[in-house]
$ cat final-v4.txt   # compact mmCIF, C-alpha atoms and all ligand atoms
# COMPACT_ATOMS: atom_id res chain seq x y z
CA MET H 1 95.51 -34.78 17.70
CA LYS H 2 99.04 -33.84 16.72
CA ALA H 3 100.27 -30.27 17.10
CA LEU H 4 103.52 -28.34 16.88
CA THR H 5 104.38 -27.12 20.36
CA TRP H 6 106.86 -24.66 21.83
CA GLN H 7 109.31 -26.32 24.25
CA GLY H 8 111.95 -23.67 24.86
CA LYS H 9 114.22 -21.26 23.05
CA ARG H 10 114.82 -22.64 19.53
CA SER H 11 113.05 -25.85 20.50
CA VAL H 12 109.70 -27.00 19.12
CA SER H 13 108.25 -30.50 18.88
CA VAL H 14 105.19 -32.32 17.57
CA GLU H 15 103.14 -33.69 20.47
CA ASP H 16 99.80 -35.36 21.08
CA VAL H 17 97.44 -32.82 22.61
CA PRO H 18 93.69 -32.96 23.36
CA ASP H 19 91.38 -32.35 20.38
CA PRO H 20 89.82 -28.89 20.51
CA SER H 21 86.08 -28.63 21.06
CA ILE H 22 83.36 -26.00 20.71
CA GLN H 23 83.36 -23.86 23.86
CA GLU H 24 81.32 -20.83 22.80
CA PRO H 25 78.33 -20.59 20.45
CA THR H 26 80.48 -18.46 18.10
CA ASP H 27 83.23 -21.13 17.78
CA ALA H 28 84.02 -23.40 14.88
CA ILE H 29 86.38 -26.37 14.65
CA VAL H 30 88.43 -26.50 11.47
CA ARG H 31 90.42 -29.47 10.16
CA ILE H 32 93.66 -27.95 8.91
CA THR H 33 94.78 -28.84 5.38
CA SER H 34 97.65 -26.32 5.04
CA THR H 35 99.38 -24.12 7.59
CA ALA H 36 102.48 -21.99 7.03
CA ILE H 37 105.47 -21.02 9.16
CA CYS H 38 105.84 -17.23 9.40
CA GLY H 39 108.74 -14.88 10.09
CA SER H 40 106.71 -13.88 13.16
CA ASP H 41 107.02 -17.46 14.47
CA LEU H 42 110.77 -16.92 14.49
CA HIS H 43 110.33 -14.19 17.13
CA LEU H 44 108.64 -16.79 19.39
CA TYR H 45 111.35 -19.29 18.55
CA GLU H 46 113.96 -16.70 19.54
CA VAL H 47 113.33 -13.32 21.24
CA LEU H 48 109.79 -13.65 22.62
CA GLY H 49 110.48 -16.96 24.39
CA PRO H 50 109.89 -15.47 27.86
CA PHE H 51 106.22 -14.94 26.92
CA MET H 52 105.75 -18.57 25.85
CA ASN H 53 104.77 -21.54 28.00
CA LYS H 54 106.01 -25.05 27.43
CA GLY H 55 103.45 -26.90 25.33
CA ASP H 56 101.89 -23.83 23.67
CA VAL H 57 100.63 -24.73 20.19
CA LEU H 58 102.12 -22.41 17.54
CA GLY H 59 100.85 -21.25 14.17
CA HIS H 60 98.68 -18.46 12.82
CA GLU H 61 98.53 -19.06 9.05
CA PRO H 62 96.04 -21.91 8.68
CA MET H 63 93.30 -22.98 6.30
CA GLY H 64 91.10 -26.03 6.10
CA ILE H 65 87.67 -27.56 6.19
CA VAL H 66 85.00 -26.71 8.76
CA GLU H 67 84.23 -29.77 10.92
CA SER H 68 81.63 -28.33 13.28
CA VAL H 69 80.16 -24.98 14.29
CA GLY H 70 78.62 -23.47 17.43
CA SER H 71 74.94 -22.60 17.57
CA SER H 72 75.33 -18.93 16.56
CA VAL H 73 77.61 -19.53 13.58
CA THR H 74 75.15 -19.24 10.70
CA ASN H 75 77.59 -18.15 7.98
CA LEU H 76 79.49 -21.46 7.92
CA GLN H 77 78.62 -25.11 7.79
CA PRO H 78 80.57 -28.34 8.06
CA GLY H 79 82.40 -29.00 4.79
CA ASP H 80 83.05 -25.32 3.97
CA ARG H 81 86.61 -24.50 2.92
CA VAL H 82 88.00 -21.53 4.88
CA VAL H 83 91.12 -19.45 5.47
CA ILE H 84 91.58 -18.22 9.04
CA PRO H 85 92.91 -14.66 9.60
CA PHE H 86 95.66 -14.55 12.22
CA ASN H 87 93.93 -11.87 14.28
CA ILE H 88 90.88 -12.98 16.21
CA SER H 89 88.32 -10.24 15.79
CA CYS H 90 84.62 -9.99 16.60
CA GLY H 91 83.36 -8.01 13.61
CA HIS H 92 80.99 -5.83 15.63
CA CYS H 93 82.99 -3.58 18.00
CA TRP H 94 84.05 0.01 17.22
CA MET H 95 87.54 -1.05 16.09
CA CYS H 96 86.29 -3.83 13.81
CA ASN H 97 83.71 -1.45 12.33
CA ASN H 98 86.51 0.98 11.53
CA GLY H 99 88.85 -1.44 9.79
CA LEU H 100 91.10 -1.87 12.83
CA GLN H 101 90.51 -5.58 13.43
CA SER H 102 93.98 -5.97 14.97
CA GLN H 103 92.72 -3.75 17.80
CA CYS H 104 89.38 -5.57 18.29
CA GLU H 105 87.89 -4.41 21.60
CA THR H 106 86.25 -7.77 22.24
CA THR H 107 89.47 -9.80 22.03
CA GLN H 108 92.10 -7.29 23.27
CA VAL H 109 94.40 -8.84 25.85
CA HIS H 110 93.84 -6.45 28.77
CA GLN H 111 96.18 -8.30 31.12
CA GLN H 112 99.08 -7.50 28.80
CA GLY H 113 97.81 -4.17 27.51
CA THR H 114 97.93 -5.47 23.93
CA GLY H 115 95.58 -5.50 20.95
CA ALA H 116 93.42 -8.25 19.49
CA SER H 117 94.22 -11.87 20.36
CA ILE H 118 96.30 -13.80 17.83
CA PHE H 119 96.40 -17.56 17.24
CA GLY H 120 99.52 -19.23 18.62
CA TYR H 121 101.25 -16.02 19.59
CA SER H 122 102.31 -16.07 23.26
CA GLU H 123 100.87 -14.58 26.43
CA LEU H 124 101.20 -11.17 24.83
CA TYR H 125 98.34 -12.06 22.48
CA GLY H 126 96.15 -14.22 24.69
CA SER H 127 97.87 -17.66 24.64
CA VAL H 128 95.31 -18.93 22.11
CA PRO H 129 96.24 -22.40 20.74
CA GLY H 130 97.52 -22.02 17.19
CA GLY H 131 96.98 -23.62 13.82
CA GLN H 132 100.10 -25.71 13.20
CA ALA H 133 97.97 -28.66 14.24
CA GLU H 134 95.48 -31.16 12.85
CA TYR H 135 92.50 -29.22 14.20
CA LEU H 136 91.93 -25.63 15.33
CA ARG H 137 89.28 -24.08 17.52
CA VAL H 138 88.35 -20.77 15.86
CA PRO H 139 86.73 -18.24 18.21
CA HIS H 140 84.44 -15.61 16.61
CA ALA H 141 83.97 -17.90 13.63
CA ASP H 142 80.75 -15.98 12.90
CA TYR H 143 83.05 -13.25 11.51
CA GLY H 144 86.70 -14.25 11.02
CA PRO H 145 86.99 -17.18 8.59
CA VAL H 146 87.05 -16.33 4.89
CA LYS H 147 85.04 -18.81 2.82
CA VAL H 148 86.81 -19.80 -0.40
CA GLY H 149 86.03 -21.93 -3.47
CA ASN H 150 86.75 -25.64 -3.81
CA ASP H 151 88.63 -25.83 -7.10
CA LEU H 152 91.97 -24.04 -6.74
CA PRO H 153 94.93 -25.38 -4.71
CA ASP H 154 95.40 -24.31 -1.06
CA GLU H 155 98.36 -22.04 -1.90
CA ARG H 156 96.08 -19.74 -3.89
CA TYR H 157 94.29 -18.88 -0.67
CA LEU H 158 96.57 -19.76 2.23
CA TYR H 159 98.47 -16.46 2.32
CA LEU H 160 95.21 -14.54 2.89
CA SER H 161 95.58 -15.67 6.53
CA ASP H 162 98.43 -13.21 7.08
CA ILE H 163 101.26 -12.28 4.74
CA LEU H 164 99.29 -11.14 1.71
CA PRO H 165 96.99 -8.73 3.58
CA THR H 166 100.03 -7.71 5.66
CA ALA H 167 101.90 -6.78 2.49
CA TRP H 168 98.83 -5.07 1.06
CA GLN H 169 98.37 -2.99 4.23
CA ALA H 170 102.09 -2.15 4.32
CA VAL H 171 101.88 -0.71 0.82
CA GLN H 172 98.56 1.09 1.46
CA TYR H 173 100.05 2.65 4.60
CA ALA H 174 103.19 3.59 2.65
CA ALA H 175 101.06 6.04 0.62
CA VAL H 176 103.33 6.06 -2.43
CA PRO H 177 102.43 9.02 -4.68
CA ASP H 178 101.58 8.43 -8.36
CA GLY H 179 104.73 7.74 -10.33
CA GLY H 180 106.63 7.31 -7.07
CA THR H 181 109.23 4.83 -5.85
CA LEU H 182 108.78 2.33 -3.05
CA ALA H 183 111.75 0.69 -1.34
CA VAL H 184 111.09 -2.58 0.49
CA PHE H 185 113.60 -3.78 3.10
CA GLY H 186 113.60 -7.56 3.48
CA LEU H 187 112.53 -10.15 0.93
CA GLY H 188 111.08 -12.78 3.20
CA PRO H 189 107.50 -13.72 2.35
CA VAL H 190 106.15 -10.36 3.56
CA GLY H 191 108.72 -8.38 1.57
CA GLN H 192 108.20 -10.53 -1.54
CA PHE H 193 104.49 -9.77 -1.50
CA SER H 194 104.98 -6.10 -0.53
CA SER H 195 107.25 -5.67 -3.56
CA ARG H 196 104.81 -7.43 -5.90
CA VAL H 197 101.86 -5.45 -4.53
CA GLY H 198 103.80 -2.20 -5.05
CA LYS H 199 104.51 -3.19 -8.64
CA TYR H 200 100.89 -4.33 -9.18
CA LEU H 201 99.69 -0.92 -7.98
CA GLY H 202 101.95 0.78 -10.54
CA HIS H 203 104.91 1.92 -8.43
CA ARG H 204 108.60 1.53 -9.12
CA VAL H 205 109.89 -0.93 -6.49
CA ILE H 206 113.45 -1.41 -5.25
CA ALA H 207 113.99 -4.17 -2.69
CA VAL H 208 116.91 -4.49 -0.28
CA GLU H 209 117.90 -7.99 0.87
CA PRO H 210 121.17 -9.71 1.81
CA VAL H 211 120.18 -13.26 0.72
CA PRO H 212 120.83 -13.86 -3.02
CA GLU H 213 118.08 -16.43 -3.69
CA ARG H 214 115.51 -14.11 -2.12
CA ARG H 215 116.65 -11.31 -4.45
CA ALA H 216 116.45 -13.75 -7.38
CA MET H 217 112.84 -14.60 -6.55
CA ALA H 218 111.90 -10.90 -6.49
CA GLU H 219 113.71 -10.27 -9.76
CA ARG H 220 111.55 -12.97 -11.39
CA HIS H 221 108.62 -10.67 -10.60
CA GLY H 222 110.16 -7.56 -12.13
CA ILE H 223 111.52 -6.05 -8.92
CA GLU H 224 114.84 -4.15 -8.88
CA THR H 225 116.98 -5.40 -6.01
CA VAL H 226 120.08 -4.36 -4.09
CA ASP H 227 122.13 -6.02 -1.37
CA PHE H 228 122.05 -4.63 2.17
CA THR H 229 125.23 -2.65 2.83
CA LYS H 230 126.17 0.03 5.35
CA ASP H 231 125.71 2.72 2.69
CA VAL H 232 122.40 1.37 1.37
CA GLY H 233 120.82 4.81 1.94
CA ASP H 234 123.31 6.34 -0.51
CA VAL H 235 122.70 3.53 -2.99
CA LEU H 236 118.95 4.17 -2.90
CA ARG H 237 119.41 7.95 -3.19
CA GLU H 238 121.61 7.43 -6.23
CA MET H 239 118.83 5.39 -7.84
CA THR H 240 116.20 8.06 -7.13
CA ASP H 241 117.60 11.41 -8.32
CA GLY H 242 119.57 11.89 -5.11
CA ARG H 243 116.38 12.33 -3.10
CA GLY H 244 115.57 8.87 -1.76
CA PRO H 245 112.48 6.68 -2.28
CA ASP H 246 109.09 8.31 -1.59
CA ALA H 247 108.18 5.51 0.77
CA VAL H 248 109.89 2.62 2.49
CA VAL H 249 108.39 -0.61 3.83
CA ASP H 250 110.31 -2.36 6.62
CA ALA H 251 109.53 -6.06 6.13
CA VAL H 252 112.38 -7.25 8.36
CA GLY H 253 111.63 -6.49 12.01
CA MET H 254 113.66 -7.64 14.95
CA GLU H 255 115.40 -10.62 13.34
CA ALA H 256 117.58 -8.26 11.27
CA HIS H 257 121.10 -9.33 10.39
CA ASN H 258 124.07 -7.00 10.89
CA SER H 259 122.95 -5.76 14.30
CA PRO H 260 125.67 -7.22 16.51
CA LEU H 261 124.75 -5.26 19.64
CA GLY H 262 121.07 -6.13 19.41
CA ALA H 263 121.86 -9.76 18.76
CA PHE H 264 124.08 -9.86 21.83
CA ALA H 265 121.38 -8.30 24.00
CA GLN H 266 118.74 -10.70 22.65
CA ASN H 267 120.90 -13.69 23.40
CA ALA H 268 121.62 -12.36 26.86
CA VAL H 269 117.90 -11.96 27.47
CA GLY H 270 117.40 -15.53 26.29
CA LEU H 271 119.54 -16.68 29.20
CA LEU H 272 117.74 -14.75 31.95
CA PRO H 273 114.98 -16.27 34.10
CA ASP H 274 111.59 -15.56 32.46
CA ALA H 275 110.29 -12.87 34.82
CA ILE H 276 113.43 -10.77 34.49
CA ALA H 277 113.71 -11.43 30.76
CA LYS H 278 110.13 -10.21 30.21
CA LYS H 279 110.95 -6.95 31.96
CA ALA H 280 114.18 -6.65 29.99
CA ILE H 281 112.31 -7.03 26.72
CA GLU H 282 109.53 -4.65 27.75
CA THR H 283 111.70 -1.89 29.10
CA ALA H 284 115.23 -2.14 27.82
CA GLY H 285 114.47 -2.35 24.13
CA VAL H 286 116.58 -5.21 22.87
CA ASP H 287 115.51 -4.76 19.27
CA ARG H 288 117.87 -5.01 16.41
CA LEU H 289 117.18 -1.62 14.93
CA THR H 290 119.62 -1.53 12.02
CA VAL H 291 116.94 -1.83 9.37
CA LEU H 292 114.59 0.67 10.97
CA HIS H 293 117.43 3.21 11.08
CA ALA H 294 118.34 2.41 7.47
CA CYS H 295 114.70 2.97 6.41
CA ILE H 296 114.61 6.35 8.16
CA ASP H 297 117.90 7.31 6.56
CA ALA H 298 116.86 6.17 3.07
CA VAL H 299 113.37 7.65 2.77
CA ARG H 300 113.22 11.05 1.10
CA ARG H 301 112.39 14.11 3.18
CA GLY H 302 108.62 14.27 3.71
CA GLY H 303 108.27 10.58 2.78
CA THR H 304 106.61 7.69 4.60
CA VAL H 305 108.03 4.74 6.50
CA SER H 306 105.62 1.83 6.83
CA LEU H 307 106.63 -0.83 9.35
CA SER H 308 105.24 -4.30 9.01
CA GLY H 309 108.24 -6.02 10.55
CA VAL H 310 107.48 -6.72 14.20
CA TYR H 311 109.40 -4.86 16.88
CA GLY H 312 109.23 -5.39 20.63
CA GLY H 313 110.62 -3.38 23.51
CA THR H 314 109.23 -0.13 24.80
CA ALA H 315 112.44 1.82 25.31
CA SER H 316 113.98 1.38 21.88
CA PRO H 317 116.10 4.35 20.97
CA MET H 318 114.56 5.98 17.88
CA PRO H 319 116.37 8.65 15.88
CA LEU H 320 113.76 11.27 16.73
CA LEU H 321 115.88 14.20 15.65
CA THR H 322 116.23 12.82 12.13
CA MET H 323 112.58 11.75 11.98
CA PHE H 324 111.44 15.22 12.98
CA ASP H 325 113.89 17.06 10.78
CA LYS H 326 113.09 14.97 7.70
CA GLN H 327 109.34 15.36 8.37
CA ILE H 328 108.87 11.59 8.12
CA GLN H 329 105.45 10.04 8.40
CA THR H 330 105.28 6.57 9.91
CA ARG H 331 102.57 3.93 10.08
CA MET H 332 102.91 0.51 11.65
CA GLY H 333 101.19 -2.33 13.38
CA GLN H 334 99.73 -5.78 13.02
CA CYS H 335 97.73 -6.26 9.88
CA ASN H 336 93.95 -5.80 10.04
CA VAL H 337 93.54 -8.98 8.01
CA ARG H 338 89.76 -9.00 7.58
CA ARG H 339 89.82 -5.40 6.34
CA TRP H 340 91.58 -6.43 3.11
CA THR H 341 90.54 -10.01 2.34
CA ASP H 342 87.40 -9.17 0.28
CA GLU H 343 89.55 -6.97 -1.98
CA LEU H 344 92.28 -9.62 -2.27
CA LEU H 345 90.11 -12.69 -2.90
CA PRO H 346 89.46 -11.98 -6.61
CA ILE H 347 93.16 -11.17 -7.14
CA VAL H 348 94.36 -14.53 -5.79
CA GLU H 349 91.70 -16.33 -7.85
CA ASP H 350 92.65 -14.51 -11.08
CA PRO H 351 93.91 -17.20 -13.50
CA SER H 352 96.88 -14.98 -14.46
CA ASP H 353 97.98 -14.93 -10.77
CA PRO H 354 99.08 -11.27 -10.84
CA LEU H 355 100.76 -11.40 -7.40
CA GLY H 356 102.43 -14.74 -8.10
CA VAL H 357 100.97 -16.50 -5.06
CA MET H 358 101.93 -19.81 -6.69
CA ASP H 359 105.58 -18.71 -6.67
CA LEU H 360 106.44 -18.31 -2.98
CA LYS H 361 106.41 -21.71 -1.28
CA THR H 362 109.83 -23.34 -1.40
CA HIS H 363 109.20 -26.18 1.08
CA GLU H 364 106.18 -28.36 1.75
CA VAL H 365 106.45 -30.93 4.54
CA PRO H 366 104.19 -33.02 6.78
CA LEU H 367 103.50 -31.60 10.25
CA ASP H 368 105.83 -34.22 11.76
CA GLU H 369 108.76 -32.55 10.02
CA ALA H 370 107.91 -29.06 11.28
CA PRO H 371 110.73 -28.90 13.89
CA GLU H 372 113.34 -29.47 11.18
CA ALA H 373 111.55 -26.97 8.91
CA TYR H 374 111.71 -24.28 11.63
CA LYS H 375 115.49 -24.67 11.71
CA THR H 376 115.85 -24.61 7.95
CA PHE H 377 113.65 -21.50 7.69
CA GLN H 378 115.42 -19.67 10.50
CA LYS H 379 118.86 -20.40 9.11
CA LYS H 380 117.71 -19.71 5.53
CA GLN H 381 119.24 -23.01 4.43
CA ASP H 382 118.36 -24.98 1.31
CA GLY H 383 116.90 -21.92 -0.44
CA CYS H 384 114.09 -21.82 2.12
CA ILE H 385 111.72 -18.85 1.77
CA LYS H 386 108.27 -20.14 2.74
CA VAL H 387 107.35 -23.40 4.41
CA VAL H 388 103.87 -24.89 4.13
CA LEU H 389 103.02 -27.71 6.56
CA LYS H 390 100.48 -30.39 5.67
CA PRO H 391 98.96 -31.82 8.86
N1 LIG U 401 102.56 -6.52 10.80
C1 LIG U 401 102.07 -7.73 10.67
O1 LIG U 401 100.88 -7.96 10.79
C2 LIG U 401 102.99 -8.84 10.30
C3 LIG U 401 102.49 -10.01 9.73
C4 LIG U 401 103.40 -10.98 9.31
C5 LIG U 401 104.74 -10.82 9.52
N2 LIG U 401 105.19 -9.68 10.12
C6 LIG U 401 106.62 -9.42 10.34
O2 LIG U 401 107.20 -9.12 9.10
C7 LIG U 401 108.60 -9.43 9.17
C8 LIG U 401 108.97 -10.28 7.97
O3 LIG U 401 108.27 -11.51 7.97
P1 LIG U 401 108.67 -12.67 6.97
O4 LIG U 401 107.72 -13.79 7.16
O5 LIG U 401 108.84 -12.10 5.63
O6 LIG U 401 110.05 -13.12 7.67
P2 LIG U 401 111.53 -13.46 7.20
O7 LIG U 401 112.29 -13.60 8.46
O8 LIG U 401 111.53 -14.57 6.22
O9 LIG U 401 111.98 -12.15 6.41
C9 LIG U 401 112.86 -11.21 6.87
C10 LIG U 401 113.81 -10.89 5.70
O10 LIG U 401 114.61 -9.77 6.06
C11 LIG U 401 115.91 -10.03 5.56
N3 LIG U 401 116.88 -9.18 6.27
C12 LIG U 401 117.57 -9.44 7.41
N4 LIG U 401 118.40 -8.44 7.69
C13 LIG U 401 118.24 -7.52 6.71
C14 LIG U 401 118.84 -6.28 6.45
N5 LIG U 401 119.77 -5.79 7.27
N6 LIG U 401 118.44 -5.59 5.34
C15 LIG U 401 117.51 -6.09 4.50
N7 LIG U 401 116.90 -7.28 4.70
C16 LIG U 401 117.28 -7.99 5.80
C17 LIG U 401 116.11 -11.50 5.80
O11 LIG U 401 117.18 -12.04 5.03
C18 LIG U 401 114.75 -12.03 5.38
O12 LIG U 401 114.72 -12.30 3.99
C19 LIG U 401 108.79 -10.15 10.50
O13 LIG U 401 109.26 -9.22 11.45
C20 LIG U 401 107.40 -10.59 10.85
O14 LIG U 401 107.24 -10.73 12.24
C21 LIG U 401 104.34 -8.70 10.50
ZN ZN U 402 102.41 -14.73 10.06
ZN ZN U 403 85.95 -6.40 17.33
$ encode --input "final-v4.txt" --output "C-alpha cells" --more "lines below"
Ligand SMILES: NC(=O)c1ccc[n+]([C@@H]2O[C@H](COP(=O)([O-])OP(=O)(O)OC[C@H]3O[C@@H](n4cnc5c(N)ncnc54)[C@H](O)[C@@H]3O)[C@@H](O)[C@H]2O)c1
Ligand SMILES: [Zn+2]
Ligand SMILES: [Zn+2]
Amino acid sequence: MKALTWQGKRSVSVEDVPDPSIQEPTDAIVRITSTAICGSDLHLYEVLGPFMNKGDVLGHEPMGIVESVGSSVTNLQPGDRVVIPFNISCGHCWMCNNGLQSQCETTQVHQQGTGASIFGYSELYGSVPGGQAEYLRVPHADYGPVKVGNDLPDERYLYLSDILPTAWQAVQYAAVPDGGTLAVFGLGPVGQFSSRVGKYLGHRVIAVEPVPERRAMAERHGIETVDFTKDVGDVLREMTDGRGPDAVVDAVGMEAHNSPLGAFAQNAVGLLPDAIAKKAIETAGVDRLTVLHACIDAVRRGGTVSLSGVYGGTASPMPLLTMFDKQIQTRMGQCNVRRWTDELLPIVEDPSDPLGVMDLKTHEVPLDEAPEAYKTFQKKQDGCIKVVLKP
C-alpha cells in the first residue's frame, strides 16, 4: 500500500510499504477514506526529528471503513464506518476507567517513560505506524474506534479523531466561570475549535493569532480576535476590566512565532547527531516559550491556564515566581480522546452544525500530494488552515 513516510527533517515522501495485517485478536484493519495533517505532525517534521526513524509512517487523524477484525473484536464488523482516536487505549485499565485514556496503562511506552501510545508519533509514543496511508492496523480496536453513521460526509466526523476532543478538553480544563472570558492563543485547527467550543458553552471568547486569514475564519464564528504583539497581555487586560481573562487556552505549543532564541536552539538541535540531539531536547528545554509566558502574563490572578499546545523539553524555564504569585492553576496534556467522543458525536451530527465542523478544511488533496501539503501547511501559504488527505 501507499503511505506517507518520514525521511528526515522537513522531508516526507509517499512510499510503497507492506500492507498491515491482524497481529493480535484485538486488532482491526481499516481502509482509510480521510486523514488529516495536524499541527502536532509539524513537531515531527521539525523539532522531534531525532525521535523519528527513516520510513516511519505518519498520521494520527484517520477515519475509514473496517476491512477485517481480530477474533476478540465483537463491537465492529467489516463495512463499519469508524473514526480512530489518536491515542491507543485499552478501555479497561485504571487510567481508561478514570477518563485518562492518554495515560492508558496497557499502552504506555515504558522504554521512554511516556503515556499511551499514539499512531504515527515517534519513538516517544511507541513508533506505531500511522494513518496517513491507505490502510491502518488499529490495536485495541475492541475499544478505540468510534462507529459513525453512513450518511454525512467524512468531515462531519473526521475531527473526532483528535482536534475536536482536544479543543473540548482544553476548554473543560480551562474551567471558565459563568459569565467569564476565555482567551485562546493560536487559531490553528485546535484554536479554531477551542474558540468555537468556548462560545458554544456560553463564554466570551477572545482569540490571539498573528495570521490574518486565521483571524478571519474565527470572526466568521463570532469570535473576537486580536493580533499577537509584545503587549498582548495589556491588550487583553484592557478588554477585560483591567483584570485579564478568567482562563487562557494555549493552542500554539512549540512552533510559536516570535521566539528567536528558541528557534535558533531548535535549528541547532536539528543539526546535531540524533543521540546528542535527543538528550538536548530532553534536558536543555529548547521550547519556544513566548506564548506560554504570554498566557501566564495575560490570565487574571487566580485564573486558569490550559495548555493543549505540545511542549517538549524537561528543563524549560517556567516563570514560577509569577505563577505562584498570581495563584495560577494550570492543566495540560494530550487529549483523552475517547473520554469526550460520546458527548461530541450528537453535536457534529446536528444539522445546524453548531461548531462549524464543515468550515475548517481549506485543502483537500490525494495522499500522493501530501509532501507538498506538509510544506504549504507549515509555511501557512495559500490560506492553508487544515489539510485533509484522501488516500
Ligand atoms: N494536547 C493534545 O492532545 C493536542 C492535540 C492536537 C494538537 N495539539 C497541539 O496543539 C497545537 C496547535 O495545533 P494546530 O493543529 O492547531 O496547529 P497549528 O500549527 O496550525 O496552529 C498553531 C497556531 O498558532 C499560531 N501562532 C504562532 N505563534 C503565535 C503567537 N506568538 N501568538 C498567537 N498565536 C501564534 C500559528 O499562526 C497557528 O495558527 C500544536 O502544538 C499541537 O501539537 C495538542
Ligand atoms: Zn493531531
Ligand atoms: Zn487503558
$ residues_around --input "final-v4.txt" --residues "Leu4 (chain H)" --least-positions-apart "6" --cutoff "6 Å" --atoms "all atoms listed in the file" --output "list in words"
Ser13, Val14, Val57 and Gln132 of chain H
$ write_last_selection --input "final-v4.txt" --atoms "C-alpha atoms" --output "mmCIF file, keeping the file's coordinate frame"
data_model
loop_
_atom_site.group_PDB
_atom_site.id
_atom_site.type_symbol
_atom_site.label_atom_id
_atom_site.label_comp_id
_atom_site.auth_asym_id
_atom_site.auth_seq_id
_atom_site.Cartn_x
_atom_site.Cartn_y
_atom_site.Cartn_z
ATOM 1 C CA SER H 13 108.250 -30.500 18.880
ATOM 2 C CA VAL H 14 105.190 -32.320 17.570
ATOM 3 C CA VAL H 57 100.630 -24.730 20.190
ATOM 4 C CA GLN H 132 100.100 -25.710 13.200
#
$ residues_around --input "final-v4.txt" --residues "Ile29 (chain H)" --least-positions-apart "6" --cutoff "12 Å" --atoms "only C-alpha atoms" --output "MDAnalysis selection string"
chainID H and resid 19:23 63:70 73 76:82 84 131 133:142 145
$ closest_atom_pairs --input "final-v4.txt" --of "chain H" --to "ligand ZN 402 (chain U)" --cutoff "6 Å" --atoms "only C-alpha atoms and all ligand atoms" --output "CSV"
residue,atom,partner,partner_atom,distance
H:Cys38,CA,U:ZN402,ZN,4.3
H:Ser40,CA,U:ZN402,ZN,5.4
H:His60,CA,U:ZN402,ZN,6.0
H:Glu61,CA,U:ZN402,ZN,5.9
H:Asp162,CA,U:ZN402,ZN,5.2
H:Ile163,CA,U:ZN402,ZN,6.0
$ residues_near_ligand --input "final-v4.txt" --ligand "ligand ZN 403 (chain U)" --cutoff "12 Å" --atoms "all atoms listed in the file" --output "ChimeraX atom specification"
/H:87-108,115-117,139-140,142-144,336,338-339
$ residues_near_ligand --input "final-v4.txt" --ligand "ligand LIG 401 (chain U)" --cutoff "6 Å" --atoms "all atoms listed in the file" --output "ChimeraX atom specification"
/H:38-40,162-163,166,185-191,208-211,228,251-254,256-258,291,308-310,333-335
$ closest_residue --input "final-v4.txt" --among "H:Asp359, H:Asp231, H:Glu123, H:Asp325" --to "Gln192 (chain H)" --atoms "all atoms listed in the file"
H:Asp359
$ atom_distance --input "final-v4.txt" --atom1 "CA of Val109 (chain H)" --atom2 "CA of Ala28 (chain H)"
21.0 Å
$ closest_residue --input "final-v4.txt" --among "H:Gly59, H:Lys230, H:Pro346, H:Met52" --to "Ile118 (chain H)" --atoms "all atoms listed in the file"
H:Gly59
$ closest_residue --input "final-v4.txt" --among "H:Asp250, H:Leu48, H:Ile347, H:Ala298" --to "Leu236 (chain H)" --atoms "all atoms listed in the file"
H:Ala298
$ closest_residue --input "final-v4.txt" --among "H:Thr26, H:Ile32, H:Arg331, H:Lys9" --to "Leu44 (chain H)" --atoms "all atoms listed in the file"
H:Lys9
$ closest_residue --input "final-v4.txt" --among "H:Ala36, H:Leu58, H:Ala174, H:Leu42" --to "Leu360 (chain H)" --atoms "only C-alpha atoms"
H:Ala36
$ closest_residue --input "final-v4.txt" --among "H:Leu307, H:Pro366, H:Gly302, H:Phe86" --to "Gln169 (chain H)" --atoms "only C-alpha atoms"
H:Leu307
$ residues_around --input "final-v4.txt" --residues "region 242-244 of chain H" --least-positions-apart "4" --cutoff "12 Å" --atoms "only C-alpha atoms" --output "number ranges by chain"
H: 180-183, 206, 232-238, 248, 294-305, 326
$ axis_aligned_box --input "final-v4.txt" --around "region 137-141 of chain H" --padding-each-side "8 Å" --output "lines of an AutoDock Vina configuration file"
center_x = 86.6
center_y = -19.8
center_z = 15.9
size_x = 21.3
size_y = 24.5
size_z = 20.6
$ atom_distance --input "final-v4.txt" --atom1 "CA of Tyr45 (chain H)" --atom2 "CA of His110 (chain H)"
24.0 Å
$ atom_distance --input "final-v4.txt" --atom1 "CA of Leu289 (chain H)" --atom2 "CA of Phe51 (chain H)"
21.0 Å
$ residues_around --input "final-v4.txt" --residues "Leu152 (chain H)" --least-positions-apart "4" --cutoff "9 Å" --atoms "only C-alpha atoms" --output "PyMOL selection string"
chain H and resi 156-157+349
$ write_last_selection --input "final-v4.txt" --atoms "C-alpha atoms" --output "compact mmCIF listing (two decimals), in the frame of the given file"
# COMPACT_ATOMS: atom_id res chain seq x y z
CA ARG H 156 96.08 -19.74 -3.89
CA TYR H 157 94.29 -18.88 -0.67
CA GLU H 349 91.70 -16.33 -7.85
$ build_atoms --input "final-v4.txt" --residues "region 35-41 of chain H" --atoms "N, CA and C atoms" --output "mmCIF file, keeping the file's coordinate frame"
data_model
loop_
_atom_site.group_PDB
_atom_site.id
_atom_site.type_symbol
_atom_site.label_atom_id
_atom_site.label_comp_id
_atom_site.auth_asym_id
_atom_site.auth_seq_id
_atom_site.Cartn_x
_atom_site.Cartn_y
_atom_site.Cartn_z
ATOM 1 N N THR H 35 99.105 -25.093 6.537
ATOM 2 C CA THR H 35 99.380 -24.120 7.590
ATOM 3 C C THR H 35 100.852 -23.717 7.462
ATOM 4 N N ALA H 36 101.122 -22.420 7.369
ATOM 5 C CA ALA H 36 102.480 -21.990 7.030
ATOM 6 C C ALA H 36 103.266 -21.570 8.271
ATOM 7 N N ILE H 37 104.595 -21.599 8.133
ATOM 8 C CA ILE H 37 105.470 -21.020 9.160
ATOM 9 C C ILE H 37 105.752 -19.585 8.726
ATOM 10 N N CYS H 38 105.720 -18.660 9.684
ATOM 11 C CA CYS H 38 105.840 -17.230 9.400
ATOM 12 C C CYS H 38 107.119 -16.672 10.020
ATOM 13 N N GLY H 39 107.633 -15.595 9.461
ATOM 14 C CA GLY H 39 108.740 -14.880 10.090
ATOM 15 C C GLY H 39 108.405 -14.481 11.522
ATOM 16 N N SER H 40 107.117 -14.243 11.791
ATOM 17 C CA SER H 40 106.710 -13.880 13.160
ATOM 18 C C SER H 40 106.899 -15.066 14.114
ATOM 19 N N ASP H 41 106.775 -16.296 13.616
ATOM 20 C CA ASP H 41 107.020 -17.460 14.470
ATOM 21 C C ASP H 41 108.478 -17.498 14.927
#
